[in-house]
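Here is coords-v9.cif, consisting of mmCIF, C-alpha atoms:
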```cif
data_start
loop_
_atom_site.label_atom_id
_atom_site.label_comp_id
_atom_site.auth_asym_id
_atom_site.auth_seq_id
_atom_site.Cartn_x
_atom_site.Cartn_y
_atom_site.Cartn_z
CA MET M 70 69.44 137.33 49.16
CA SER M 71 71.19 134.18 47.99
CA ALA M 72 74.57 135.97 48.05
CA THR M 73 73.92 137.12 51.62
CA CYS M 74 73.04 133.57 52.69
CA ARG M 75 76.18 132.27 51.02
CA ILE M 76 78.38 134.83 52.80
CA TYR M 77 76.75 134.00 56.14
CA ARG M 78 77.25 130.31 55.51
CA ASP M 79 80.93 130.85 54.64
CA GLN M 80 81.47 132.99 57.76
CA THR M 81 79.79 130.36 59.93
CA SER M 82 81.92 127.61 58.38
CA THR M 83 85.10 129.64 58.97
CA THR M 84 84.14 130.30 62.59
CA ARG M 85 83.48 126.60 63.21
CA SER M 86 86.81 125.71 61.58
CA ARG M 87 88.64 128.13 63.88
CA VAL M 88 86.84 126.75 66.92
CA PHE M 89 87.72 123.19 65.96
CA LEU M 90 91.34 124.18 65.24
CA GLY M 91 91.64 125.83 68.65
CA PHE M 92 90.18 122.72 70.25
CA LEU M 93 92.73 120.54 68.43
CA VAL M 94 95.61 122.77 69.54
CA SER M 95 94.41 122.45 73.13
CA THR M 96 94.02 118.67 72.74
CA LEU M 97 97.54 118.31 71.31
CA SER M 98 99.23 120.40 73.98
CA ALA M 99 97.31 118.79 76.86
CA ALA M 100 98.08 115.30 75.50
CA ILE M 101 101.81 116.07 75.44
CA GLY M 102 101.63 117.35 79.00
CA ARG M 103 99.45 114.53 80.30
CA ASN M 104 101.43 111.70 78.74
CA GLY M 105 104.67 113.43 79.65
CA TYR M 106 103.59 113.54 83.28
CA TYR M 107 102.91 109.81 83.47
CA ILE M 108 106.08 108.90 81.54
CA ALA M 109 108.19 111.11 83.78
CA SER M 110 106.56 109.88 86.99
CA ALA M 111 106.91 106.20 86.05
CA TRP M 112 110.55 106.46 85.06
CA ILE M 113 111.54 108.62 88.05
CA LEU M 114 109.99 106.10 90.43
CA VAL M 115 111.73 103.15 88.77
CA ASP M 116 115.04 105.02 88.60
CA ALA M 117 114.72 105.90 92.31
CA GLY M 118 114.52 102.19 93.18
CA CYS M 119 110.76 102.01 93.78
CA GLY M 120 110.31 99.45 90.99
CA SER M 121 106.98 98.35 89.55
CA THR M 122 105.51 98.38 93.06
CA GLY M 123 106.06 102.13 93.35
CA VAL M 124 104.62 102.79 89.91
CA ALA M 125 101.61 100.56 90.53
CA THR M 126 100.98 102.15 93.93
CA THR M 127 101.04 105.63 92.44
CA LEU M 128 98.71 104.65 89.61
CA ALA M 129 96.43 102.92 92.11
CA ILE M 130 96.18 106.23 93.94
CA VAL M 131 95.38 107.95 90.64
CA SER M 132 92.69 105.36 89.90
CA ALA M 133 91.12 105.77 93.34
CA VAL M 134 90.91 109.53 92.87
CA GLU M 135 89.46 109.13 89.36
CA PHE M 136 86.94 106.58 90.63
CA VAL M 137 85.58 109.12 93.09
CA ALA M 138 85.95 112.12 90.78
CA SER M 139 84.48 110.67 87.55
CA PRO M 140 80.76 110.82 88.47
CA LEU M 141 81.17 114.18 90.20
CA VAL M 142 82.99 115.71 87.25
CA GLY M 143 80.42 114.21 84.88
CA VAL M 144 77.59 116.02 86.66
CA ALA M 145 79.62 119.24 86.70
CA ALA M 146 80.23 118.96 82.94
CA ASP M 147 76.47 118.67 82.38
CA ARG M 148 75.57 121.59 84.63
CA PHE M 149 78.30 124.19 84.03
CA ASN M 150 80.23 125.70 81.15
CA ARG M 151 82.45 122.89 79.84
CA ARG M 152 85.02 125.19 78.25
CA ARG M 153 85.55 127.11 81.48
CA LEU M 154 85.84 123.88 83.46
CA ALA M 155 88.52 122.64 81.04
CA ILE M 156 90.43 125.93 81.27
CA ALA M 157 90.34 125.84 85.07
CA ALA M 158 91.59 122.24 85.02
CA ASP M 159 94.47 123.13 82.67
CA LEU M 160 95.56 126.06 84.84
CA SER M 161 95.40 123.81 87.90
CA ARG M 162 97.58 121.19 86.17
CA PHE M 163 100.01 123.96 85.24
CA ALA M 164 100.33 125.00 88.90
CA ILE M 165 100.66 121.39 90.09
CA MET M 166 103.51 120.69 87.64
CA LEU M 167 105.48 123.75 88.73
CA THR M 168 105.00 122.82 92.38
CA THR M 169 106.11 119.24 91.68
CA ALA M 170 109.23 120.45 89.86
CA CYS M 171 110.23 122.56 92.85
CA ALA M 172 109.39 119.87 95.42
CA LEU M 173 111.52 117.22 93.66
CA LEU M 174 114.60 119.37 94.27
CA TYR M 175 114.20 119.12 98.05
CA LYS M 176 111.82 116.23 98.89
CA ASP M 177 111.85 112.44 98.48
CA VAL M 178 110.62 111.18 95.12
CA PHE M 179 107.93 108.71 96.19
CA PRO M 180 105.82 110.89 98.56
CA THR M 181 106.21 113.87 96.23
CA ILE M 182 104.95 111.96 93.19
CA CYS M 183 102.09 110.39 95.20
CA LEU M 184 100.83 113.75 96.45
CA SER M 185 101.24 115.26 93.01
CA ALA M 186 99.31 112.35 91.49
CA VAL M 187 96.32 112.89 93.82
CA LEU M 188 95.93 116.52 92.78
CA PHE M 189 96.77 115.86 89.14
CA ALA M 190 94.28 112.98 88.81
CA PHE M 191 91.30 115.08 89.88
CA CYS M 192 92.18 118.00 87.60
CA ASP M 193 93.03 115.65 84.75
CA ARG M 194 89.67 113.89 84.96
CA MET M 195 87.88 117.25 84.99
CA ALA M 196 89.83 118.36 81.91
CA LEU M 197 89.24 115.16 79.93
CA THR M 198 85.53 114.84 80.73
CA SER M 199 84.83 118.50 80.02
CA SER M 200 86.86 118.73 76.81
CA GLN M 201 85.74 115.41 75.31
CA SER M 202 82.10 116.26 76.08
CA MET M 203 82.63 119.32 73.87
CA ILE M 204 83.38 117.24 70.76
CA PRO M 205 79.76 117.11 69.50
CA VAL M 206 79.60 120.90 69.97
CA VAL M 207 82.86 121.88 68.26
CA ALA M 208 82.04 119.44 65.43
CA ARG M 209 78.45 120.71 65.08
CA ASP M 210 76.87 119.73 61.73
CA GLY M 211 79.98 117.74 60.89
CA ASP M 212 80.74 114.04 60.70
CA LEU M 213 80.86 112.90 64.35
CA ALA M 214 82.91 109.79 63.56
CA ALA M 215 85.44 111.83 61.57
CA ALA M 216 85.60 114.46 64.34
CA ASN M 217 86.29 111.83 67.00
CA SER M 218 88.91 110.19 64.79
CA THR M 219 90.63 113.55 64.26
CA VAL M 220 90.58 114.44 67.94
CA PHE M 221 92.00 111.09 69.03
CA PHE M 222 94.57 111.19 66.23
CA VAL M 223 95.80 114.56 67.51
CA MET M 224 95.71 113.26 71.07
CA GLN M 225 97.88 110.27 70.21
CA PHE M 226 100.17 112.46 68.14
CA GLY M 227 100.68 114.44 71.33
CA CYS M 228 101.45 111.22 73.20
CA LEU M 229 104.04 110.36 70.54
CA GLY M 230 105.57 113.81 70.92
CA ALA M 231 105.73 113.32 74.68
CA ALA M 232 107.47 109.96 74.29
CA LEU M 233 110.09 111.42 71.96
CA LEU M 234 110.58 114.57 74.02
CA PHE M 235 110.69 113.30 77.58
CA GLY M 236 113.00 110.33 77.00
CA PRO M 237 116.03 112.61 76.51
CA LEU M 238 114.83 115.03 79.21
CA LEU M 239 114.65 112.21 81.75
CA SER M 240 118.27 111.32 81.01
CA GLU M 241 119.27 114.51 82.81
CA ARG M 242 120.36 114.29 86.42
CA SER M 243 117.41 116.30 87.81
CA PRO M 244 113.79 115.55 86.88
CA ALA M 245 112.68 119.13 87.64
CA PRO M 246 113.21 120.44 84.06
CA ALA M 247 110.89 117.73 82.68
CA PHE M 248 108.03 118.80 84.96
CA THR M 249 108.65 122.47 84.12
CA VAL M 250 108.29 121.70 80.42
CA ILE M 251 105.10 119.73 81.15
CA ALA M 252 103.67 122.77 82.94
CA VAL M 253 104.21 124.92 79.85
CA PHE M 254 102.15 122.55 77.70
CA PHE M 255 99.18 122.81 80.07
CA LEU M 256 99.43 126.60 79.95
CA VAL M 257 99.34 126.47 76.13
CA SER M 258 96.27 124.24 76.29
CA ALA M 259 94.45 126.69 78.56
CA THR M 260 95.37 129.58 76.25
CA ALA M 261 94.03 127.73 73.19
CA LEU M 262 90.72 127.01 74.94
CA SER M 263 90.45 130.64 76.05
CA SER M 264 90.78 131.80 72.44
CA MET M 265 87.76 129.71 71.36
CA ARG M 266 84.48 131.57 70.96
CA LEU M 267 81.49 129.34 71.66
CA SER M 268 77.90 130.42 72.15
CA VAL M 269 76.51 130.24 75.68
CA ALA M 270 74.29 127.34 74.66
CA SER M 271 77.24 125.46 73.24
CA GLY M 272 79.46 125.85 76.25
CA ASN M 273 76.88 125.38 78.95
CA VAL M 274 74.47 122.47 79.22
CA SER M 275 71.61 122.83 81.65
CA GLY M 276 69.22 120.29 82.93
CA ALA M 277 71.43 117.87 84.84
CA LYS M 278 69.69 117.79 88.19
CA SER M 279 71.08 114.50 89.54
CA PHE M 280 73.61 111.76 88.99
CA ALA M 281 71.06 109.39 87.43
CA PHE M 282 70.19 108.80 83.78
CA ASN M 283 68.84 105.85 81.83
CA VAL M 284 71.35 103.05 81.22
CA ASP M 285 70.30 100.08 79.08
CA LEU M 286 72.05 96.78 78.39
CA GLY M 287 73.63 98.16 75.25
CA LEU M 288 75.34 100.93 77.21
CA LEU M 289 76.46 98.48 79.90
CA ARG M 290 78.06 96.29 77.24
CA LEU M 291 79.75 99.37 75.80
CA PHE M 292 81.03 100.28 79.27
CA ALA M 293 82.43 96.75 79.66
CA VAL M 294 84.28 96.93 76.33
CA TYR M 295 85.75 100.31 77.27
CA ALA M 296 86.78 99.01 80.70
CA LEU M 297 88.63 96.01 79.25
CA LEU M 298 90.40 98.16 76.65
CA TYR M 299 91.28 100.68 79.35
CA GLY M 300 92.56 97.89 81.59
CA GLY M 301 95.04 96.78 78.92
CA ALA M 302 96.25 100.35 78.46
CA VAL M 303 96.77 101.07 82.15
CA LEU M 304 98.50 97.72 82.59
CA VAL M 305 101.11 98.84 80.06
CA SER M 306 101.44 102.14 81.96
CA ALA M 307 101.82 100.35 85.29
CA THR M 308 104.35 97.72 84.29
CA GLY M 309 105.81 98.96 81.00
CA SER M 310 108.69 100.82 82.64
CA ALA M 311 109.54 97.86 84.88
CA PHE M 312 109.30 95.49 81.88
CA VAL M 313 111.90 97.58 80.01
CA PHE M 314 114.10 98.23 83.05
CA GLU M 315 114.05 94.83 84.77
CA GLU M 316 113.37 92.20 82.08
CA GLN M 317 114.88 93.88 79.02
CA ASN M 318 117.69 95.78 80.79
CA GLY M 319 116.69 98.92 78.92
CA THR M 320 117.31 102.62 79.53
CA ALA M 321 115.10 105.70 79.70
CA VAL M 322 115.57 106.13 75.95
CA ASP M 323 114.39 102.53 75.39
CA PHE M 324 111.32 103.25 77.51
CA GLY M 325 110.73 106.34 75.38
CA HIS M 326 110.86 104.10 72.30
CA VAL M 327 108.21 101.83 73.83
CA GLU M 328 105.94 104.80 74.46
CA ALA M 329 106.66 106.11 70.96
CA THR M 330 105.73 102.84 69.24
CA TRP M 331 102.55 102.68 71.32
CA SER M 332 101.68 106.16 70.09
CA VAL M 333 102.50 105.32 66.46
CA GLY M 334 100.13 102.35 66.66
CA SER M 335 97.50 104.58 68.25
CA LEU M 336 97.85 107.09 65.42
CA MET M 337 97.21 104.34 62.88
CA GLY M 338 94.18 103.20 64.90
CA ALA M 339 92.72 106.72 64.81
CA VAL M 340 93.33 107.02 61.06
CA LEU M 341 91.58 103.73 60.26
CA ALA M 342 88.79 104.14 62.83
CA VAL M 343 86.29 105.87 60.53
CA ARG M 344 86.68 103.33 57.71
CA LEU M 345 86.56 100.24 59.93
CA THR M 346 83.64 101.39 62.08
CA ARG M 347 81.58 101.93 58.92
CA THR M 348 82.38 98.58 57.27
CA ILE M 349 82.45 96.13 60.20
CA SER M 350 79.80 95.28 62.78
CA LEU M 351 80.79 97.06 65.98
CA HIS M 352 80.11 93.95 68.09
CA LYS M 353 82.49 91.93 65.92
CA LEU M 354 85.04 94.75 65.86
CA HIS M 355 85.12 94.99 69.66
CA PHE M 356 85.52 91.23 70.04
CA VAL M 357 88.38 91.24 67.53
CA LEU M 358 90.11 94.15 69.29
CA LEU M 359 89.85 92.58 72.74
CA GLY M 360 91.08 89.23 71.42
CA ALA M 361 94.01 90.92 69.64
CA THR M 362 94.93 92.71 72.86
CA ALA M 363 94.97 89.41 74.75
CA LEU M 364 97.17 87.68 72.15
CA SER M 365 99.56 90.64 72.05
CA LEU M 366 100.01 90.62 75.82
CA MET M 367 100.64 86.88 75.76
CA ALA M 368 103.36 87.34 73.14
CA LEU M 369 105.38 89.92 75.11
CA PRO M 370 107.21 87.44 77.42
CA LEU M 371 108.51 85.54 74.39
CA LEU M 372 110.10 88.50 72.57
CA SER M 373 113.24 90.60 72.77
CA LEU M 374 112.99 94.37 73.29
CA SER M 375 113.26 95.17 69.58
CA TRP M 376 110.46 92.73 68.65
CA SER M 377 108.34 93.77 71.61
CA LEU M 378 108.17 97.27 70.13
CA ILE M 379 105.99 95.84 67.35
CA VAL M 380 103.67 94.34 69.95
CA PHE M 381 103.40 97.64 71.82
CA ALA M 382 102.53 99.32 68.52
CA ALA M 383 99.80 96.71 67.98
CA LEU M 384 98.47 97.32 71.49
CA GLY M 385 98.29 101.05 70.83
CA PHE M 386 96.53 100.41 67.52
CA VAL M 387 93.74 98.24 68.94
CA TYR M 388 93.31 100.46 72.02
CA ASN M 389 92.80 103.68 70.11
CA LEU M 390 90.66 102.07 67.43
CA GLY M 391 88.42 100.64 70.14
CA ARG M 392 88.35 103.89 72.08
CA VAL M 393 87.33 105.96 69.05
CA SER M 394 84.52 103.55 68.21
CA VAL M 395 83.27 103.47 71.81
CA GLU M 396 83.31 107.28 72.10
CA GLY M 397 81.44 107.65 68.81
CA ILE M 398 78.74 105.20 69.87
CA LEU M 399 78.37 106.89 73.26
CA GLN M 400 78.02 110.37 71.74
CA SER M 401 75.44 109.16 69.22
CA ARG M 402 73.33 107.26 71.77
CA VAL M 403 73.37 109.72 74.69
CA CYS M 404 71.88 113.20 74.46
CA ASP M 405 74.21 116.17 74.95
CA SER M 406 72.65 117.14 78.28
CA ALA M 407 73.61 113.73 79.78
CA LEU M 408 76.91 113.13 77.96
CA GLY M 409 79.07 114.26 80.87
CA ARG M 410 77.37 111.87 83.29
CA ALA M 411 77.55 109.03 80.77
CA LYS M 412 81.28 109.56 80.28
CA GLY M 413 81.77 109.81 84.03
CA LEU M 414 79.96 106.53 84.66
CA MET M 415 81.77 104.76 81.81
CA HIS M 416 85.12 105.91 83.11
CA CYS M 417 84.10 104.87 86.61
CA PHE M 418 83.62 101.29 85.35
CA ALA M 419 87.02 101.40 83.66
CA VAL M 420 88.83 102.89 86.64
CA ALA M 421 87.38 100.24 88.95
CA LEU M 422 89.07 97.58 86.81
CA GLY M 423 92.24 99.67 86.60
CA LEU M 424 92.28 100.07 90.38
CA LEU M 425 92.02 96.30 90.77
CA ILE M 426 94.93 95.81 88.35
CA PHE M 427 97.11 98.34 90.16
CA SER M 428 96.28 96.87 93.54
CA ILE M 429 97.24 93.36 92.43
CA THR M 430 100.44 94.66 90.81
CA ALA M 431 101.39 96.61 93.91
CA ALA M 432 100.66 93.61 96.17
CA ALA M 433 102.66 91.25 93.95
CA GLY M 434 105.59 93.64 94.01
CA ASP M 435 108.90 92.60 92.48
CA ARG M 436 108.22 88.93 93.23
CA VAL M 437 106.30 88.61 89.95
CA PHE M 438 107.74 89.45 86.54
CA PRO M 439 105.86 92.15 84.57
CA SER M 440 105.49 89.68 81.70
CA THR M 441 103.64 87.32 84.05
CA ILE M 442 101.20 90.10 84.87
CA PHE M 443 100.72 90.75 81.15
CA PHE M 444 99.92 87.09 80.55
CA SER M 445 97.49 86.93 83.47
CA PHE M 446 95.50 89.91 82.26
CA ALA M 447 95.40 88.40 78.77
CA VAL M 448 93.57 85.43 80.26
CA VAL M 449 91.11 87.82 81.96
CA LEU M 450 90.51 89.50 78.60
CA LEU M 451 89.71 86.20 76.90
CA ILE M 452 87.23 85.36 79.66
CA GLY M 453 85.65 88.81 79.30
CA VAL M 454 85.30 88.40 75.53
CA SER M 455 83.58 85.05 76.05
CA CYS M 456 81.11 86.56 78.52
CA LEU M 457 80.31 89.48 76.21
CA ALA M 458 79.82 87.12 73.26
CA LEU M 459 77.40 84.97 75.28
CA GLY M 460 75.45 88.09 76.26
CA VAL M 461 75.09 89.15 72.62
CA VAL M 462 73.95 85.67 71.56
CA GLN M 463 71.37 85.51 74.37
CA GLN M 464 70.01 88.94 73.47
CA LYS M 465 69.61 87.91 69.82
CA ASP M 466 67.80 84.73 70.86
CA GLU M 467 65.40 86.67 73.08
CA SER M 468 64.65 89.16 70.32
#
```
Step by step, read the file and then write its structure as structure tokens.
Amino acid sequence: MSATCRIYRDQTSTTRSRVFLGFLVSTLSAAIGRNGYYIASAWILVDAGCGSTGVATTLAIVSAVEFVASPLVGVAADRFNRRRLAIAADLSRFAIMLTTACALLYKDVFPTICLSAVLFAFCDRMALTSSQSMIPVVARDGDLAAANSTVFFVMQFGCLGAALLFGPLLSERSPAPAFTVIAVFFLVSATALSSMRLSVASGNVSGAKSFAFNVDLGLLRLFAVYALLYGGAVLVSATGSAFVFEEQNGTAVDFGHVEATWSVGSLMGAVLAVRLTRTISLHKLHFVLLGATALSLMALPLLSLSWSLIVFAALGFVYNLGRVSVEGILQSRVCDSALGRAKGLMHCFAVALGLLIFSITAAAGDRVFPSTIFFSFAVVLLIGVSCLALGVVQQKDES
């Protein structure tokens, strides 16, 4: 009997390992495609003469779509099979990329990218919410912090691969090949998810009857931390290409280096996330990360391109470290049947701030240097850290 139990346990462990491996393959491939899409879109817009205004406008459109889609997708992830939703989203992104590649051969860049971004943003949000809500399932009986760290490490490794791959591809005369390659990565992601074998209970979560669920002050504070970290990340996405192109006189390869150093820093953040989240108070850790982000953004206007790469690596490090810790806390505090809605609401908070950033950047246009925008948001971050610190102190006094 003991031998039978041991064999069953080994078979179960092997099955879970295969499921987690398939999930990581999907995460890696989708991350390459996703980051490649935003890198390609940003550089194509800047190269076409649209400047930071064009990039910010496009990302503002993406944020508006995500703002509307996040709560809807969250409810869908709690009511339907998450794996099937993620597969459908990957196949949709595959089709959108092929269509974009063809359209860029005959249509103007700006309207083509804008329309593509609307469709891509909805499918992308569905894919991310569905797949990331599966982490507690694919890591069942495992260390949740280690699982999140591994997933986000693989995700950022994919972002690094995208930065290294699409820099040279964007140096070609036509952008169509870049979008064709992106489409292939989304197809690989869908194939990897299809190969996973989850139980019906694992893939489908029932019980989500409405948008509402209980949100306490602790979750609101967590949402605020995530929103501020997200705001710093999207600010780099919105103005990073213009910062390299306009202020540093860089090329597409230089922009690829910026994205690569960001990803290297993010990889280090994912590696150290488990150790740091277990040894440091999470409140203190989040304050340190937000403060480090603010100081890094303030330093960018003072540095040359080569030195600024170190700062971008630092920004990637603090962003991914903060993101892993926030995701781990959310998954441990919210039950599985409400995790999709919680992630949707948290991302809704973050996208609202991102939409404000993009709107201001688009309105400012080329009249304001990207470095000035970096500095301004750094001030906002410092104010946000002060408000969060006061809230924690008041809560301790009341208790």
Open item on the list: Need the shell around Ile251 in chain M: protein/DNA/RNA residues with any atom at most 9 Å away, counting all atoms listed in the file. Skip same-chain ones fewer than 6 positions apart. Format as a list in words?
Closed with: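 So, after excluding close chain neighbours, the residues are Ala99, Ile101, Gly102, Arg103, Gly105, Tyr106, Phe163, Met166 and Leu167 of chain M.
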Please produce a file of those selected residues containing C-alpha atoms, as a short mmCIF file (atom, residue, chain, number, x, y, z; two decimals), keeping the file's coordinate frame.
```cif
data_model
loop_
_atom_site.label_atom_id
_atom_site.label_comp_id
_atom_site.auth_asym_id
_atom_site.auth_seq_id
_atom_site.Cartn_x
_atom_site.Cartn_y
_atom_site.Cartn_z
CA ALA M 99 97.31 118.79 76.86
CA ILE M 101 101.81 116.07 75.44
CA GLY M 102 101.63 117.35 79.00
CA ARG M 103 99.45 114.53 80.30
CA GLY M 105 104.67 113.43 79.65
CA TYR M 106 103.59 113.54 83.28
CA PHE M 163 100.01 123.96 85.24
CA MET M 166 103.51 120.69 87.64
CA LEU M 167 105.48 123.75 88.73
#
```
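Nearest residue to Ser258 in chain M among M:Leu425, M:Cys171, M:Val178, M:Leu97 is M:Leu97, counting all atoms listed in the file.
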Open item on the list: Residues near His416 in chain M, anyone? I mean within 10 Å using all atoms listed in the file, not counting same-chain ones fewer than 2 positions away, as a list in words.
Closed with: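 The neighbour list is Glu135, Phe136, Ala138, Ser139, Pro140, Gly143, Arg194, Thr198, Phe292, Tyr295, Ala296, Tyr299, Arg410, Ala411, Lys412, Gly413, Leu414, Phe418, Ala419, Val420, Ala421 and Leu422 of chain M.
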May I have the residues from that selection written out with C-alpha atoms, as a CSV table (one decimal), in the coordinates of the input?
```csv
chain,number,residue,atom,x,y,z
M,135,GLU,CA,89.5,109.1,89.4
M,136,PHE,CA,86.9,106.6,90.6
M,138,ALA,CA,86.0,112.1,90.8
M,139,SER,CA,84.5,110.7,87.6
M,140,PRO,CA,80.8,110.8,88.5
M,143,GLY,CA,80.4,114.2,84.9
M,194,ARG,CA,89.7,113.9,85.0
M,198,THR,CA,85.5,114.8,80.7
M,292,PHE,CA,81.0,100.3,79.3
M,295,TYR,CA,85.8,100.3,77.3
M,296,ALA,CA,86.8,99.0,80.7
M,299,TYR,CA,91.3,100.7,79.4
M,410,ARG,CA,77.4,111.9,83.3
M,411,ALA,CA,77.6,109.0,80.8
M,412,LYS,CA,81.3,109.6,80.3
M,413,GLY,CA,81.8,109.8,84.0
M,414,LEU,CA,80.0,106.5,84.7
M,418,PHE,CA,83.6,101.3,85.4
M,419,ALA,CA,87.0,101.4,83.7
M,420,VAL,CA,88.8,102.9,86.6
M,421,ALA,CA,87.4,100.2,89.0
M,422,LEU,CA,89.1,97.6,86.8
```
Open item on the list: What would the selection look like, as a list in words, if the PyMOL selection byres ((chain M and resi 183) around 9) were run on the coordinates I just shared?
Closed with: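 That selection, the PyMOL selection byres ((chain M and resi 183) around 9), comes back as Thr126, Thr127, Leu128, Ile130, Val131, Val178, Phe179, Pro180, Thr181, Ile182, Leu184, Ser185, Ala186 and Val187 of chain M.
The space separating CA of Tyr175 in chain M from CA of Thr122 in chain M comes to 23.0 Å.
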TODO: Rounded to one decimal place, report the CA of Ala231 in chain M-CA of Ser332 in chain M distance in Å.
DONE: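 So the two atoms, CA of Ala231 in chain M and CA of Ser332 in chain M, lie 9.4 Å apart.
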For range 220-233 of chain M, supply N, CA and C atoms and format the output as a JSON list (two decimals), keeping the file's coordinate frame.
```
[["chain", "number", "residue", "atom", "x", "y", "z"],
["M", 220, "VAL", "N", 90.20, 114.06, 66.58],
["M", 220, "VAL", "CA", 90.58, 114.44, 67.94],
["M", 220, "VAL", "C", 91.51, 113.40, 68.57],
["M", 221, "PHE", "N", 91.17, 112.12, 68.43],
["M", 221, "PHE", "CA", 92.00, 111.09, 69.03],
["M", 221, "PHE", "C", 93.30, 110.90, 68.27],
["M", 222, "PHE", "N", 93.31, 111.19, 66.98],
["M", 222, "PHE", "CA", 94.57, 111.19, 66.23],
["M", 222, "PHE", "C", 95.51, 112.26, 66.78],
["M", 223, "VAL", "N", 94.98, 113.47, 66.97],
["M", 223, "VAL", "CA", 95.80, 114.56, 67.51],
["M", 223, "VAL", "C", 96.26, 114.24, 68.93],
["M", 224, "MET", "N", 95.36, 113.63, 69.71],
["M", 224, "MET", "CA", 95.71, 113.26, 71.07],
["M", 224, "MET", "C", 96.88, 112.26, 71.10],
["M", 225, "GLN", "N", 96.81, 111.25, 70.24],
["M", 225, "GLN", "CA", 97.88, 110.27, 70.21],
["M", 225, "GLN", "C", 99.14, 110.83, 69.58],
["M", 226, "PHE", "N", 99.00, 111.79, 68.67],
["M", 226, "PHE", "CA", 100.17, 112.46, 68.14],
["M", 226, "PHE", "C", 100.88, 113.21, 69.26],
["M", 227, "GLY", "N", 100.10, 113.79, 70.16],
["M", 227, "GLY", "CA", 100.68, 114.44, 71.33],
["M", 227, "GLY", "C", 101.39, 113.45, 72.24],
["M", 228, "CYS", "N", 100.80, 112.25, 72.40],
["M", 228, "CYS", "CA", 101.45, 111.22, 73.20],
["M", 228, "CYS", "C", 102.77, 110.78, 72.57],
["M", 229, "LEU", "N", 102.80, 110.70, 71.23],
["M", 229, "LEU", "CA", 104.04, 110.36, 70.54],
["M", 229, "LEU", "C", 105.08, 111.45, 70.76],
["M", 230, "GLY", "N", 104.64, 112.71, 70.66],
["M", 230, "GLY", "CA", 105.57, 113.81, 70.92],
["M", 230, "GLY", "C", 106.12, 113.77, 72.33],
["M", 231, "ALA", "N", 105.27, 113.42, 73.29],
["M", 231, "ALA", "CA", 105.73, 113.32, 74.68],
["M", 231, "ALA", "C", 106.77, 112.21, 74.85],
["M", 232, "ALA", "N", 106.52, 111.08, 74.19],
["M", 232, "ALA", "CA", 107.47, 109.96, 74.29],
["M", 232, "ALA", "C", 108.83, 110.32, 73.71],
["M", 233, "LEU", "N", 108.83, 111.04, 72.59],
["M", 233, "LEU", "CA", 110.09, 111.42, 71.96],
["M", 233, "LEU", "C", 110.79, 112.54, 72.73]]
```
